[in-house]
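As provided, final-v7.pdb (PDB, C-alpha atoms and all ligand atoms) reads as follows.
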```
ATOM      1  CA  MET A   1     -13.411 -15.174  -5.536  1.00  0.00           C
ATOM      2  CA  ILE A   2     -15.129 -13.830  -2.448  1.00  0.00           C
ATOM      3  CA  ILE A   3     -17.316 -15.824  -0.104  1.00  0.00           C
ATOM      4  CA  LYS A   4     -19.740 -13.925   2.114  1.00  0.00           C
ATOM      5  CA  ASP A   5     -19.664 -15.578   5.476  1.00  0.00           C
ATOM      6  CA  GLU A   6     -21.928 -14.700   8.362  1.00  0.00           C
ATOM      7  CA  GLU A   7     -19.217 -14.960  10.963  1.00  0.00           C
ATOM      8  CA  PHE A   8     -16.092 -13.801   9.108  1.00  0.00           C
ATOM      9  CA  GLY A   9     -17.563 -11.309   6.643  1.00  0.00           C
ATOM     10  CA  GLU A  10     -16.072 -11.258   3.156  1.00  0.00           C
ATOM     11  CA  VAL A  11     -13.531 -14.032   2.798  1.00  0.00           C
ATOM     12  CA  LEU A  12     -11.089 -13.781  -0.058  1.00  0.00           C
ATOM     13  CA  VAL A  13     -10.484 -17.126  -1.755  1.00  0.00           C
ATOM     14  CA  ARG A  14      -7.350 -17.564  -3.843  1.00  0.00           C
ATOM     15  CA  LYS A  15      -6.716 -20.580  -5.981  1.00  0.00           C
ATOM     16  CA  SER A  16      -3.257 -21.967  -6.338  1.00  0.00           C
ATOM     17  CA  PRO A  17      -1.922 -24.946  -8.258  1.00  0.00           C
ATOM     18  CA  LEU A  18       0.733 -25.285  -5.557  1.00  0.00           C
ATOM     19  CA  VAL A  19      -1.360 -25.955  -2.473  1.00  0.00           C
ATOM     20  CA  ARG A  20      -2.842 -29.305  -1.647  1.00  0.00           C
ATOM     21  CA  GLY A  21      -4.844 -28.576   1.455  1.00  0.00           C
ATOM     22  CA  VAL A  22      -6.255 -25.267   2.504  1.00  0.00           C
ATOM     23  CA  LYS A  23      -4.315 -22.395   4.001  1.00  0.00           C
ATOM     24  CA  PHE A  24      -5.832 -19.570   6.040  1.00  0.00           C
ATOM     25  CA  THR A  25      -4.205 -16.172   6.435  1.00  0.00           C
ATOM     26  CA  VAL A  26      -5.202 -12.703   7.563  1.00  0.00           C
ATOM     27  CA  SER A  27      -4.828  -9.690   5.292  1.00  0.00           C
ATOM     28  CA  PRO A  28      -3.535  -6.394   6.737  1.00  0.00           C
ATOM     29  CA  SER A  29      -7.144  -5.235   7.029  1.00  0.00           C
ATOM     30  CA  GLY A  30      -7.883  -8.117   9.380  1.00  0.00           C
ATOM     31  CA  ARG A  31      -9.872  -9.942   6.740  1.00  0.00           C
ATOM     32  CA  LEU A  32      -9.722 -13.683   6.334  1.00  0.00           C
ATOM     33  CA  SER A  33      -8.105 -15.045   3.190  1.00  0.00           C
ATOM     34  CA  MET A  34      -7.893 -18.652   2.181  1.00  0.00           C
ATOM     35  CA  THR A  35      -5.827 -20.399  -0.435  1.00  0.00           C
ATOM     36  CA  VAL A  36      -7.301 -23.547  -1.882  1.00  0.00           C
ATOM     37  CA  PRO A  37      -6.183 -25.985  -4.582  1.00  0.00           C
ATOM     38  CA  LYS A  38      -6.858 -24.895  -8.136  1.00  0.00           C
ATOM     39  CA  TYR A  39      -9.580 -27.473  -8.684  1.00  0.00           C
ATOM     40  CA  ALA A  40     -11.583 -26.508  -5.588  1.00  0.00           C
ATOM     41  CA  SER A  41     -15.122 -25.264  -6.233  1.00  0.00           C
ATOM     42  CA  THR A  42     -16.916 -22.553  -4.275  1.00  0.00           C
ATOM     43  CA  PHE A  43     -18.867 -25.299  -2.584  1.00  0.00           C
ATOM     44  CA  LEU A  44     -15.667 -26.988  -1.464  1.00  0.00           C
ATOM     45  CA  ALA A  45     -14.144 -23.708  -0.295  1.00  0.00           C
ATOM     46  CA  LYS A  46     -17.233 -23.079   1.849  1.00  0.00           C
ATOM     47  CA  ARG A  47     -16.910 -26.526   3.302  1.00  0.00           C
ATOM     48  CA  PHE A  48     -13.251 -25.974   4.138  1.00  0.00           C
ATOM     49  CA  LEU A  49     -14.261 -22.787   5.865  1.00  0.00           C
ATOM     50  CA  SER A  50     -17.036 -24.401   7.905  1.00  0.00           C
ATOM     51  CA  SER A  51     -14.939 -27.287   9.051  1.00  0.00           C
ATOM     52  CA  ASN A  52     -12.160 -24.984  10.244  1.00  0.00           C
ATOM     53  CA  ARG A  53     -14.188 -22.362  12.084  1.00  0.00           C
ATOM     54  CA  ALA A  54     -12.941 -23.226  15.527  1.00  0.00           C
ATOM     55  CA  ILE A  55      -9.277 -23.146  14.538  1.00  0.00           C
ATOM     56  CA  ILE A  56      -9.672 -19.881  12.610  1.00  0.00           C
ATOM     57  CA  ARG A  57     -11.432 -18.221  15.534  1.00  0.00           C
ATOM     58  CA  GLU A  58      -8.791 -19.386  17.930  1.00  0.00           C
ATOM     59  CA  LYS A  59      -5.601 -18.913  15.952  1.00  0.00           C
ATOM     60  CA  LEU A  60      -6.057 -15.951  13.624  1.00  0.00           C
ATOM     61  CA  PRO A  61      -6.072 -12.249  14.601  1.00  0.00           C
ATOM     62  CA  LEU A  62      -9.207 -11.407  12.652  1.00  0.00           C
ATOM     63  CA  LYS A  63     -11.079  -8.149  12.916  1.00  0.00           C
ATOM     64  CA  ASP A  64     -14.829  -8.238  12.898  1.00  0.00           C
ATOM     65  CA  PRO A  65     -16.581  -7.501   9.588  1.00  0.00           C
ATOM     66  CA  SER A  66     -17.711  -4.000  10.591  1.00  0.00           C
ATOM     67  CA  THR A  67     -14.103  -3.004  11.373  1.00  0.00           C
ATOM     68  CA  GLN A  68     -13.056  -4.371   7.990  1.00  0.00           C
ATOM     69  CA  ARG A  69     -15.742  -2.361   6.256  1.00  0.00           C
ATOM     70  CA  ALA A  70     -14.789   0.816   8.126  1.00  0.00           C
ATOM     71  CA  ARG A  71     -11.194   0.357   7.039  1.00  0.00           C
ATOM     72  CA  ASP A  72     -12.199  -0.253   3.420  1.00  0.00           C
ATOM     73  CA  ALA A  73     -14.283   2.913   3.447  1.00  0.00           C
ATOM     74  CA  LYS A  74     -11.381   4.911   4.888  1.00  0.00           C
ATOM     75  CA  LYS A  75      -9.053   3.569   2.255  1.00  0.00           C
ATOM     76  CA  LYS A  76     -11.466   4.476  -0.521  1.00  0.00           C
ATOM     77  CA  ILE A  77     -11.693   8.063   0.683  1.00  0.00           C
ATOM     78  CA  LEU A  78      -7.918   8.275   0.985  1.00  0.00           C
ATOM     79  CA  MET A  79      -7.504   6.886  -2.524  1.00  0.00           C
ATOM     80  CA  LYS A  80      -9.856   9.515  -3.898  1.00  0.00           C
ATOM     81  CA  LYS A  81      -8.061  12.317  -2.073  1.00  0.00           C
ATOM     82  CA  ALA A  82      -4.707  10.986  -3.271  1.00  0.00           C
ATOM     83  CA  HIS A  83      -5.909  10.823  -6.882  1.00  0.00           C
ATOM     84  CA  GLU A  84      -7.020  14.410  -6.763  1.00  0.00           C
ATOM     85  CA  TYR A  85      -3.806  15.655  -5.226  1.00  0.00           C
ATOM     86  CA  LEU A  86      -0.616  13.616  -5.607  1.00  0.00           C
ATOM     87  CA  PRO A  87      -0.280  13.530  -9.425  1.00  0.00           C
ATOM     88  CA  TYR A  88      -0.730  17.321  -9.551  1.00  0.00           C
ATOM     89  CA  ARG A  89       1.686  17.965  -6.726  1.00  0.00           C
ATOM     90  CA  LEU A  90       4.253  15.753  -8.423  1.00  0.00           C
ATOM     91  CA  GLU A  91       3.746  17.607 -11.677  1.00  0.00           C
ATOM     92  CA  PHE A  92       4.086  20.933  -9.893  1.00  0.00           C
ATOM     93  CA  TRP A  93       7.494  20.078  -8.433  1.00  0.00           C
ATOM     94  CA  ALA A  94       8.667  18.348 -11.596  1.00  0.00           C
ATOM     95  CA  LYS A  95       7.878  21.441 -13.682  1.00  0.00           C
ATOM     96  CA  LYS A  96       9.436  23.748 -11.153  1.00  0.00           C
ATOM     97  CA  TYR A  97      12.752  21.886 -11.128  1.00  0.00           C
ATOM     98  CA  GLY A  98      12.753  20.619 -14.717  1.00  0.00           C
ATOM     99  CA  TYR A  99      12.254  16.895 -14.204  1.00  0.00           C
ATOM    100  CA  SER A 100      10.430  14.638 -16.605  1.00  0.00           C
ATOM    101  CA  TYR A 101       9.011  11.299 -15.589  1.00  0.00           C
ATOM    102  CA  GLU A 102       7.097   8.754 -17.578  1.00  0.00           C
ATOM    103  CA  LYS A 103       4.222   7.809 -15.294  1.00  0.00           C
ATOM    104  CA  VAL A 104       2.872   8.220 -11.809  1.00  0.00           C
ATOM    105  CA  ARG A 105       1.332   5.362  -9.888  1.00  0.00           C
ATOM    106  CA  LEU A 106      -0.519   5.480  -6.606  1.00  0.00           C
ATOM    107  CA  SER A 107       0.268   2.646  -4.265  1.00  0.00           C
ATOM    108  CA  HIS A 108      -0.812   1.439  -0.876  1.00  0.00           C
ATOM    109  CA  ALA A 109       2.222  -0.594   0.014  1.00  0.00           C
ATOM    110  CA  SER A 110       2.617  -0.813   3.746  1.00  0.00           C
ATOM    111  CA  THR A 111       6.361  -0.266   3.930  1.00  0.00           C
ATOM    112  CA  ARG A 112       7.350   2.529   1.588  1.00  0.00           C
ATOM    113  CA  TRP A 113       6.249   6.071   0.903  1.00  0.00           C
ATOM    114  CA  GLY A 114       7.375   6.156  -2.659  1.00  0.00           C
ATOM    115  CA  SER A 115       9.653   4.705  -5.273  1.00  0.00           C
ATOM    116  CA  CYS A 116      11.151   5.540  -8.609  1.00  0.00           C
ATOM    117  CA  SER A 117      11.897   2.832 -11.132  1.00  0.00           C
ATOM    118  CA  SER A 118      14.401   2.804 -13.977  1.00  0.00           C
ATOM    119  CA  ASN A 119      11.596   3.228 -16.512  1.00  0.00           C
ATOM    120  CA  ARG A 120      10.915   6.600 -14.868  1.00  0.00           C
ATOM    121  CA  THR A 121       7.696   5.594 -13.152  1.00  0.00           C
ATOM    122  CA  ILE A 122       7.181   7.258  -9.810  1.00  0.00           C
ATOM    123  CA  SER A 123       5.009   5.554  -7.213  1.00  0.00           C
ATOM    124  CA  LEU A 124       3.533   7.499  -4.353  1.00  0.00           C
ATOM    125  CA  ASN A 125       1.788   5.978  -1.371  1.00  0.00           C
ATOM    126  CA  ILE A 126      -1.783   7.143  -0.779  1.00  0.00           C
ATOM    127  CA  GLY A 127      -0.904   7.244   2.945  1.00  0.00           C
ATOM    128  CA  LEU A 128       0.979  10.466   2.121  1.00  0.00           C
ATOM    129  CA  MET A 129      -2.379  12.185   2.372  1.00  0.00           C
ATOM    130  CA  ASN A 130      -2.158  11.561   6.127  1.00  0.00           C
ATOM    131  CA  VAL A 131       1.158  13.316   6.709  1.00  0.00           C
ATOM    132  CA  PRO A 132       1.912  17.063   6.878  1.00  0.00           C
ATOM    133  CA  GLU A 133       2.391  18.715   3.509  1.00  0.00           C
ATOM    134  CA  VAL A 134       6.045  19.529   4.059  1.00  0.00           C
ATOM    135  CA  LEU A 135       6.835  15.819   4.610  1.00  0.00           C
ATOM    136  CA  ARG A 136       4.723  14.845   1.615  1.00  0.00           C
ATOM    137  CA  ASP A 137       6.706  17.295  -0.501  1.00  0.00           C
ATOM    138  CA  TYR A 138       9.963  15.864   0.821  1.00  0.00           C
ATOM    139  CA  VAL A 139       8.924  12.383  -0.432  1.00  0.00           C
ATOM    140  CA  ILE A 140       7.998  13.776  -3.844  1.00  0.00           C
ATOM    141  CA  LEU A 141      11.290  15.683  -4.143  1.00  0.00           C
ATOM    142  CA  HIS A 142      13.166  12.580  -2.986  1.00  0.00           C
ATOM    143  CA  GLU A 143      11.590  10.473  -5.738  1.00  0.00           C
ATOM    144  CA  LEU A 144      12.129  13.158  -8.387  1.00  0.00           C
ATOM    145  CA  SER A 145      15.815  13.320  -7.438  1.00  0.00           C
ATOM    146  CA  HIS A 146      16.008   9.582  -8.105  1.00  0.00           C
ATOM    147  CA  LEU A 147      15.335  10.343 -11.770  1.00  0.00           C
ATOM    148  CA  ASN A 148      18.918  11.602 -11.897  1.00  0.00           C
ATOM    149  CA  HIS A 149      20.442   9.285  -9.296  1.00  0.00           C
ATOM    150  CA  MET A 150      19.028   5.798  -8.908  1.00  0.00           C
ATOM    151  CA  ASP A 151      20.806   5.284  -5.584  1.00  0.00           C
ATOM    152  CA  HIS A 152      21.246   6.999  -2.231  1.00  0.00           C
ATOM    153  CA  SER A 153      24.712   8.336  -3.008  1.00  0.00           C
ATOM    154  CA  GLU A 154      26.090  11.636  -1.770  1.00  0.00           C
ATOM    155  CA  ALA A 155      25.272  13.165  -5.136  1.00  0.00           C
ATOM    156  CA  PHE A 156      21.671  12.042  -4.694  1.00  0.00           C
ATOM    157  CA  TRP A 157      21.333  13.615  -1.243  1.00  0.00           C
ATOM    158  CA  ALA A 158      22.988  16.791  -2.500  1.00  0.00           C
ATOM    159  CA  GLU A 159      20.284  17.032  -5.129  1.00  0.00           C
ATOM    160  CA  VAL A 160      17.525  16.460  -2.569  1.00  0.00           C
ATOM    161  CA  GLU A 161      19.070  19.146  -0.382  1.00  0.00           C
ATOM    162  CA  LYS A 162      19.007  21.670  -3.212  1.00  0.00           C
ATOM    163  CA  HIS A 163      15.206  21.360  -3.356  1.00  0.00           C
ATOM    164  CA  ASP A 164      14.572  20.748   0.334  1.00  0.00           C
ATOM    165  CA  PRO A 165      17.322  22.240   2.532  1.00  0.00           C
ATOM    166  CA  ARG A 166      15.660  20.788   5.654  1.00  0.00           C
ATOM    167  CA  TYR A 167      15.371  17.300   4.209  1.00  0.00           C
ATOM    168  CA  LYS A 168      17.206  15.661   7.134  1.00  0.00           C
ATOM    169  CA  GLU A 169      14.641  16.927   9.589  1.00  0.00           C
ATOM    170  CA  HIS A 170      11.795  15.937   7.261  1.00  0.00           C
ATOM    171  CA  ARG A 171      13.210  12.488   6.787  1.00  0.00           C
ATOM    172  CA  ARG A 172      13.433  12.027  10.538  1.00  0.00           C
ATOM    173  CA  LYS A 173       9.909  13.305  11.165  1.00  0.00           C
ATOM    174  CA  LEU A 174       8.482  11.009   8.531  1.00  0.00           C
ATOM    175  CA  LYS A 175       9.576   8.068  10.682  1.00  0.00           C
ATOM    176  CA  ASN A 176       6.810   9.009  13.120  1.00  0.00           C
ATOM    177  CA  PHE A 177       4.250   8.009  10.519  1.00  0.00           C
ATOM    178  CA  SER A 178       3.537   4.680   8.955  1.00  0.00           C
ATOM    179  CA  PRO A 179       2.704   4.316   5.249  1.00  0.00           C
ATOM    180  CA  GLY A 180       0.269   1.453   5.887  1.00  0.00           C
ATOM    181  CA  VAL A 181      -3.353   2.468   5.548  1.00  0.00           C
TER     182      VAL A 181
HETATM  183 ZN    ZN A 201      15.191   6.822  -2.158  1.00  0.00          ZN
END
```

Represent the supplied structure as C-alpha cells.
Ligand SMILES: [Zn+2]
Amino acid sequence: MIIKDEEFGEVLVRKSPLVRGVKFTVSPSGRLSMTVPKYASTFLAKRFLSSNRAIIREKLPLKDPSTQRARDAKKKILMKKAHEYLPYRLEFWAKKYGYSYEKVRLSHASTRWGSCSSNRTISLNIGLMNVPEVLRDYVILHELSHLNHMDHSEAFWAEVEKHDPRYKEHRRKLKNFSPGV
C-alpha cells in the first residue's frame, strides 16, 4: 500500500504479522517505508505517520519527493534500455560460444552485476547499461562460464579467459562502478 504524504511524498506501507508497533525505514531511493501490524488500516497507518513526523524528519536520511521521482524516472529509462539490449547481447555471446541457458532475468540488486543459478537462469543487473561495453561483455561472459562451472575455480577462470583474455583488467575496472541504480 502507498500513502501519498505532503511532506514525505509516496510512503510505502508494508504489513507484517510480526511487528507490534510501527517501524520506519528508508529505501535505497531515499523514500520512506513503514512497517505496520497486519491489522492496521490505512487510517491507522496515516495516524502513525503523523504522530511520528518529528522523529522521522530528525532521524532518517530521507530525500525530498522530487529527488525520489527523478531517481524513479532514471531507473525506468535504464530498465527500458536494459530490456532492449541485455537479453540480445547475452544471446549473441551464448550463440557464439555454444552455451545454452534457460532464462534471463533483469535485476536491480545493489551489490551484484550478475548471477547464474543452478537452474540455468542468468540474472543481469540493469546498471550494466551504465558501464563501458567491454566491461558489460565481461560480466555476460563471466555468467555464461558459470553454466559450466558453478564456482570460481581455476577451471572457471580459464574458461572466462578463453572468451575474454583481458578479463583481469576488466574485472578490476568494474570495481570503479557500482551496480546500484
Ligand atoms: Zn562469478

Give the answer as one residue: which of A:Leu135, A:Leu32, A:Val13, A:Met150 has the shortest atom-to-atom distance to Lys59 of chain A, using all atoms listed in the file?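 The closest residue to Lys59 of chain A is A:Leu32.
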
Starting from the displayed file, determine the output of the PyMOL selection byres (((not hetatm)) within 12 of (chain A and resi 201)) and express the residue list as a PDB file with C-alpha atoms, in the frame of the given file.
```pdb
ATOM      1  CA  ARG A 112       7.350   2.529   1.588  1.00  0.00           C
ATOM      2  CA  TRP A 113       6.249   6.071   0.903  1.00  0.00           C
ATOM      3  CA  GLY A 114       7.375   6.156  -2.659  1.00  0.00           C
ATOM      4  CA  SER A 115       9.653   4.705  -5.273  1.00  0.00           C
ATOM      5  CA  CYS A 116      11.151   5.540  -8.609  1.00  0.00           C
ATOM      6  CA  SER A 117      11.897   2.832 -11.132  1.00  0.00           C
ATOM      7  CA  ILE A 122       7.181   7.258  -9.810  1.00  0.00           C
ATOM      8  CA  SER A 123       5.009   5.554  -7.213  1.00  0.00           C
ATOM      9  CA  LEU A 124       3.533   7.499  -4.353  1.00  0.00           C
ATOM     10  CA  TYR A 138       9.963  15.864   0.821  1.00  0.00           C
ATOM     11  CA  VAL A 139       8.924  12.383  -0.432  1.00  0.00           C
ATOM     12  CA  ILE A 140       7.998  13.776  -3.844  1.00  0.00           C
ATOM     13  CA  LEU A 141      11.290  15.683  -4.143  1.00  0.00           C
ATOM     14  CA  HIS A 142      13.166  12.580  -2.986  1.00  0.00           C
ATOM     15  CA  GLU A 143      11.590  10.473  -5.738  1.00  0.00           C
ATOM     16  CA  LEU A 144      12.129  13.158  -8.387  1.00  0.00           C
ATOM     17  CA  SER A 145      15.815  13.320  -7.438  1.00  0.00           C
ATOM     18  CA  HIS A 146      16.008   9.582  -8.105  1.00  0.00           C
ATOM     19  CA  LEU A 147      15.335  10.343 -11.770  1.00  0.00           C
ATOM     20  CA  ASN A 148      18.918  11.602 -11.897  1.00  0.00           C
ATOM     21  CA  HIS A 149      20.442   9.285  -9.296  1.00  0.00           C
ATOM     22  CA  MET A 150      19.028   5.798  -8.908  1.00  0.00           C
ATOM     23  CA  ASP A 151      20.806   5.284  -5.584  1.00  0.00           C
ATOM     24  CA  HIS A 152      21.246   6.999  -2.231  1.00  0.00           C
ATOM     25  CA  SER A 153      24.712   8.336  -3.008  1.00  0.00           C
ATOM     26  CA  GLU A 154      26.090  11.636  -1.770  1.00  0.00           C
ATOM     27  CA  PHE A 156      21.671  12.042  -4.694  1.00  0.00           C
ATOM     28  CA  TRP A 157      21.333  13.615  -1.243  1.00  0.00           C
ATOM     29  CA  GLU A 159      20.284  17.032  -5.129  1.00  0.00           C
ATOM     30  CA  VAL A 160      17.525  16.460  -2.569  1.00  0.00           C
ATOM     31  CA  ARG A 171      13.210  12.488   6.787  1.00  0.00           C
TER      32      ARG A 171
END
```

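Running the PyMOL selection byres (((chain A and resi 79) around 9) and not hetatm) on this file leaves A:Lys74, A:Lys75, A:Lys76, A:Ile77, A:Leu78, A:Lys80, A:Lys81, A:Ala82, A:His83, A:Glu84, A:Leu106, A:His108, A:Ile126, A:Gly127, A:Met129 selected.
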
Å distance separating atom CA of Ser110 of chain A from atom CA of Ala155 of chain A, one decimal place: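 Here the two named atoms are 28.1 Å from each other.
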
To test your reading of the syntax: which residues would the PyMOL selection byres (((chain A and resi 39) around 10) and not hetatm) return for the file shown? Reply as a list in words. Lys15, Ser16, Pro17, Arg20, Val36, Pro37, Lys38, Ala40, Ser41, Thr42 and Leu44 of chain A

Write a file of the selected residues as a PDB file, keeping the file's coordinate frame, keeping C-alpha atoms.
```
ATOM      1  CA  LYS A  15      -6.716 -20.580  -5.981  1.00  0.00           C
ATOM      2  CA  SER A  16      -3.257 -21.967  -6.338  1.00  0.00           C
ATOM      3  CA  PRO A  17      -1.922 -24.946  -8.258  1.00  0.00           C
ATOM      4  CA  ARG A  20      -2.842 -29.305  -1.647  1.00  0.00           C
ATOM      5  CA  VAL A  36      -7.301 -23.547  -1.882  1.00  0.00           C
ATOM      6  CA  PRO A  37      -6.183 -25.985  -4.582  1.00  0.00           C
ATOM      7  CA  LYS A  38      -6.858 -24.895  -8.136  1.00  0.00           C
ATOM      8  CA  ALA A  40     -11.583 -26.508  -5.588  1.00  0.00           C
ATOM      9  CA  SER A  41     -15.122 -25.264  -6.233  1.00  0.00           C
ATOM     10  CA  THR A  42     -16.916 -22.553  -4.275  1.00  0.00           C
ATOM     11  CA  LEU A  44     -15.667 -26.988  -1.464  1.00  0.00           C
TER      12      LEU A  44
END
```

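Nearest residue to Ser33 of chain A, choosing from A:Ile3, A:Ala70, A:Leu62, A:Leu12 and counting all atoms listed in the file: A:Leu12.
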
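With only C-alpha atoms as the atoms that count, the residue of A:Lys63, A:Lys95, A:Lys175, A:Arg31 with the shortest distance to Val11 of chain A is A:Arg31.
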
Please, what distance in Å, to one decimal, runs between atom CA of Trp93 of chain A and atom CA of Gly180 of chain A?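 Distance between the two atoms: 24.6 Å.
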
Taking only C-alpha atoms into account, name the residue in A:Tyr97, A:Leu174, A:Thr35, A:Asp64 that is nearest to Asn130 of chain A.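 Among the listed residues, the smallest separation from Asn130 of chain A belongs to A:Leu174.
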
Residue with smallest distance to Pro65 of chain A - pool A:Phe177, A:Asp164, A:Glu91, A:Glu6, counting only C-alpha atoms: A:Glu6

Could you write out as lines of an AutoDock Vina configuration file the box around segment 7-12 of chain A (axis-aligned, all atoms listed in the file, 5 Å on each side), with centre and edge lengths in Å to one decimal?
```
center_x = -15.2
center_y = -13.1
center_z = 5.5
size_x = 18.1
size_y = 13.7
size_z = 21.0
```

Suppose you want the space between atom CA of Arg69 of chain A and atom CA of Ser29 of chain A; what is it in Å?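 Spanning atom CA of Arg69 of chain A to atom CA of Ser29 of chain A is a straight-line distance of 9.1 Å.
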